[in-house]
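Taking it in order: structure first as structure tokens, then the write-up.
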Amino acid sequence: MGSRETSTNYFAISPYKGEGDYWKQAKRPLACLLFLLPLLAIYEWGVVRYGGGQPESVRNGADFWMRSWLQYAGFSFELLLPCIVLSGLLCWHLASRQSWRISGGTFAGMLAESLLFAFGLVVIGQVTDLVFQRIETPVAMSMDGTSRASVAVTYIGAGIYEEVMFRLCLLPICFGGFRLLKLSPRWSAALAVIPSSLVFSLAHYVGAAAEPFEMFTFTFRVIAGLFFAALFVTRGFGITVGCHAVYDLLVGIILEFHA
């Protein structure tokens with residue numbers, strides 16, 4: 001392996017070396033933090049607004065699991081998890097010594113990319129559906145405005161905390177594991193997306209709110225996991241969260257409820 005390949009590190013923290021163009025700015029941790037902030041605020045407000053005395057009824061599964069782990073460790077502060085996520089991105093920004101200046105157009109571009117990639121994933125889902133030649137017709141769900149809003153809050157939470165768990169945390173862990181096996185950074189990054197995507201799919205069939213296992217949904221979620229992992233590596237955490245949230249809202253609210 002040449003020196004050029006071994007010097008590449010897909011998950012390393014490196015010093016900031018200039019403003020750069022949009023394609024670099026959108027991947028910066030500070031841009032991801034600011035892009036994520038309104039989604040986090042909407043989600044945490046929605047959990048309180050629609051969950052009432054049973055916030056777990058609205059919380060996304062990944063959010064519920066991570067909060068349960070924190071409580072098991074003795075930390076019960078309600079907003080600790082979002083604070084950890086935001087603090088982690090801020091520390092990443094400080095460690096990489098990047099500029100505090102971000103152009104307003106960066107966030108518009110990140111939103112546009114999130115929408116574009118979400119529509120692309122919808123197309124992938126439809127193609128996967130055709131490949132499996134599913135015969136059954138989805139059952140339309142009739143919900144009032146409040147119920148629909150609470151489901152939307154859950155989907156926003158999925159976009160945030162599933163990406164925190166499976167891409168921001170698990171994917172680098174898998175990458176590090178392959179690096180310990182002396183694989184090159186390029187191969188480690190490529191292989192890391194496989195176990196993280198499998199775990200991402202399997203997690204939907206575990207726990208109190210687990211769904212019945214179906215080969216179609218399992219396969220598509222593996223494909224979606226690969227899609228999100230590739231997006232995380234190439235376009236950064238913020239756009240991956242935006243894409244995931246928009247996709248869930250498109251499929252779970254707009255398409256499903258109007259089927």
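The way I read the labels, and the way they are meant: chains A, B, ... in the order of the structure tokens, residue 1 as the first residue of every chain, and ligand 1 as the first ligand shown, with later ones counted on from there.
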Legend entry - Selection near region 225-241 of chain A, 6 Å with only C-alpha atoms, sequence-local residues under 3 positions removed, as a PyMOL selection string: chain A and resi 27+32+110+114+159-160+193+197+221-222+244
Contacts between region 78-96 of chain A and region 117-203 of chain A, please, where a residue of region 117-203 of chain A counts if it comes within 12 Å (with only C-alpha atoms); show its shortest atom pair and distance in Å to one decimal, rows by chain and ascending number, as a Markdown table.
| residue | atom | partner | partner_atom | distance |
| --- | --- | --- | --- | --- |
| A:Gly157 | CA | A:Pro82 | CA | 10.8 |
| A:Ile160 | CA | A:Val85 | CA | 9.6 |
| A:Tyr161 | CA | A:Val85 | CA | 9.1 |
| A:Glu163 | CA | A:Val85 | CA | 10.9 |
| A:Val164 | CA | A:Val85 | CA | 7.6 |
| A:Met165 | CA | A:Val85 | CA | 10.2 |
| A:Leu168 | CA | A:Val85 | CA | 9.7 |
| A:Cys169 | CA | A:Val85 | CA | 10.5 |
For the selection you just gave me, I'd like the residues written to a file as a PDB file, in the first residue's frame, keeping all heavy atoms.
ATOM      1  N   GLY A 157     -36.949  12.715  15.958  1.00  0.00           N
ATOM      2  CA  GLY A 157     -36.043  12.099  16.925  1.00  0.00           C
ATOM      3  C   GLY A 157     -35.259  10.952  16.335  1.00  0.00           C
ATOM      4  O   GLY A 157     -34.081  10.751  16.652  1.00  0.00           O
ATOM      5  N   ILE A 160     -32.373  12.280  14.411  1.00  0.00           N
ATOM      6  CA  ILE A 160     -31.291  12.785  15.260  1.00  0.00           C
ATOM      7  C   ILE A 160     -30.559  11.644  15.956  1.00  0.00           C
ATOM      8  O   ILE A 160     -29.354  11.425  15.758  1.00  0.00           O
ATOM      9  CB  ILE A 160     -31.830  13.768  16.308  1.00  0.00           C
ATOM     10  CG1 ILE A 160     -32.462  14.984  15.638  1.00  0.00           C
ATOM     11  CG2 ILE A 160     -30.723  14.193  17.275  1.00  0.00           C
ATOM     12  CD1 ILE A 160     -33.245  15.874  16.586  1.00  0.00           C
ATOM     13  N   TYR A 161     -31.287  10.901  16.789  1.00  0.00           N
ATOM     14  CA  TYR A 161     -30.620   9.990  17.711  1.00  0.00           C
ATOM     15  C   TYR A 161     -30.206   8.664  17.088  1.00  0.00           C
ATOM     16  O   TYR A 161     -29.257   8.035  17.565  1.00  0.00           O
ATOM     17  CB  TYR A 161     -31.503   9.764  18.942  1.00  0.00           C
ATOM     18  CG  TYR A 161     -31.550  10.988  19.827  1.00  0.00           C
ATOM     19  CD1 TYR A 161     -32.731  11.724  19.979  1.00  0.00           C
ATOM     20  CD2 TYR A 161     -30.414  11.435  20.482  1.00  0.00           C
ATOM     21  CE1 TYR A 161     -32.761  12.865  20.774  1.00  0.00           C
ATOM     22  CE2 TYR A 161     -30.441  12.573  21.272  1.00  0.00           C
ATOM     23  CZ  TYR A 161     -31.622  13.275  21.416  1.00  0.00           C
ATOM     24  OH  TYR A 161     -31.636  14.404  22.198  1.00  0.00           O
ATOM     25  N   GLU A 163     -28.943   8.565  14.134  1.00  0.00           N
ATOM     26  CA  GLU A 163     -27.676   8.943  13.511  1.00  0.00           C
ATOM     27  C   GLU A 163     -26.585   9.144  14.559  1.00  0.00           C
ATOM     28  O   GLU A 163     -25.424   8.841  14.316  1.00  0.00           O
ATOM     29  CB  GLU A 163     -27.856  10.199  12.660  1.00  0.00           C
ATOM     30  CG  GLU A 163     -28.727  10.001  11.438  1.00  0.00           C
ATOM     31  CD  GLU A 163     -28.310   8.779  10.642  1.00  0.00           C
ATOM     32  OE1 GLU A 163     -27.112   8.647  10.336  1.00  0.00           O
ATOM     33  OE2 GLU A 163     -29.182   7.944  10.331  1.00  0.00           O
ATOM     34  N   VAL A 164     -26.952   9.655  15.726  1.00  0.00           N
ATOM     35  CA  VAL A 164     -25.980   9.778  16.812  1.00  0.00           C
ATOM     36  C   VAL A 164     -25.466   8.397  17.210  1.00  0.00           C
ATOM     37  O   VAL A 164     -24.247   8.175  17.339  1.00  0.00           O
ATOM     38  CB  VAL A 164     -26.597  10.484  18.035  1.00  0.00           C
ATOM     39  CG1 VAL A 164     -25.680  10.364  19.256  1.00  0.00           C
ATOM     40  CG2 VAL A 164     -26.852  11.958  17.740  1.00  0.00           C
ATOM     41  N   MET A 165     -26.383   7.438  17.380  1.00  0.00           N
ATOM     42  CA  MET A 165     -25.994   6.111  17.858  1.00  0.00           C
ATOM     43  C   MET A 165     -25.248   5.306  16.805  1.00  0.00           C
ATOM     44  O   MET A 165     -24.159   4.756  17.078  1.00  0.00           O
ATOM     45  CB  MET A 165     -27.235   5.332  18.326  1.00  0.00           C
ATOM     46  CG  MET A 165     -26.924   3.895  18.761  1.00  0.00           C
ATOM     47  SD  MET A 165     -28.386   2.977  19.304  1.00  0.00           S
ATOM     48  CE  MET A 165     -28.686   3.734  20.893  1.00  0.00           C
ATOM     49  N   LEU A 168     -22.620   8.416  14.238  1.00  0.00           N
ATOM     50  CA  LEU A 168     -21.647   9.245  14.939  1.00  0.00           C
ATOM     51  C   LEU A 168     -20.844   8.441  15.957  1.00  0.00           C
ATOM     52  O   LEU A 168     -19.670   8.744  16.196  1.00  0.00           O
ATOM     53  CB  LEU A 168     -22.367  10.404  15.640  1.00  0.00           C
ATOM     54  CG  LEU A 168     -21.480  11.540  16.182  1.00  0.00           C
ATOM     55  CD1 LEU A 168     -20.693  12.191  15.059  1.00  0.00           C
ATOM     56  CD2 LEU A 168     -22.327  12.574  16.903  1.00  0.00           C
ATOM     57  N   CYS A 169     -21.457   7.406  16.559  1.00  0.00           N
ATOM     58  CA  CYS A 169     -20.764   6.599  17.578  1.00  0.00           C
ATOM     59  C   CYS A 169     -20.318   5.239  17.042  1.00  0.00           C
ATOM     60  O   CYS A 169     -19.134   4.894  17.098  1.00  0.00           O
ATOM     61  CB  CYS A 169     -21.676   6.401  18.792  1.00  0.00           C
ATOM     62  SG  CYS A 169     -22.072   7.932  19.675  1.00  0.00           S
TER      63      CYS A 169
END
Legend entry - Contacts of Ile124 (chain A) within 10 Å, only C-alpha atoms, excl. fewer than 6 positions in-chain, as a count of residues only: 6
Legend entry - Interatomic distance, CA of Phe35 (chain A) to CA of Tyr155 (chain A) (Å, one decimal): 16.8 Å
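The shortest atom-to-atom distance to Gly51 (chain A), with only C-alpha atoms taken into account, belongs to A:Thr154 out of A:Thr154, A:Ser68, A:Val199, A:Ile173.
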Inset, instruction - Rank A:Ala41, A:Leu202, A:Leu181, A:Ala210 by their smallest atom-to-atom distance to Phe166 (chain A), using only C-alpha atoms, and report the top residue only. - result: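 Closest candidate: A:Leu202.
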Inset, instruction - Work out how far apart CA of Ala31 (chain A) and CA of Arg97 (chain A) are and give it in Å to one decimal. - result: 13.7 Å
Legend entry - Atom-to-atom span, CA of Glu211 (chain A) and CA of Gly61 (chain A), Å: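 Value for the CA of Glu211 (chain A)-CA of Gly61 (chain A) distance: 11.5 Å.
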Inset, instruction - Run DSSP on the backbone of this structure and report the residues of region 6-211 of chain A it assigns to alpha helix (DSSP H), as a ChimeraX atom specification. - result: /A:6,22-25,29-51,61-72,80-95,104-132,145-157,163,171-180,185-202
Inset, instruction - Using only C-alpha atoms, find the one residue out of A:Cys174, A:Leu40, A:Ala62, A:Val123 that sits nearest to Trp187 (chain A). - result: A:Cys174
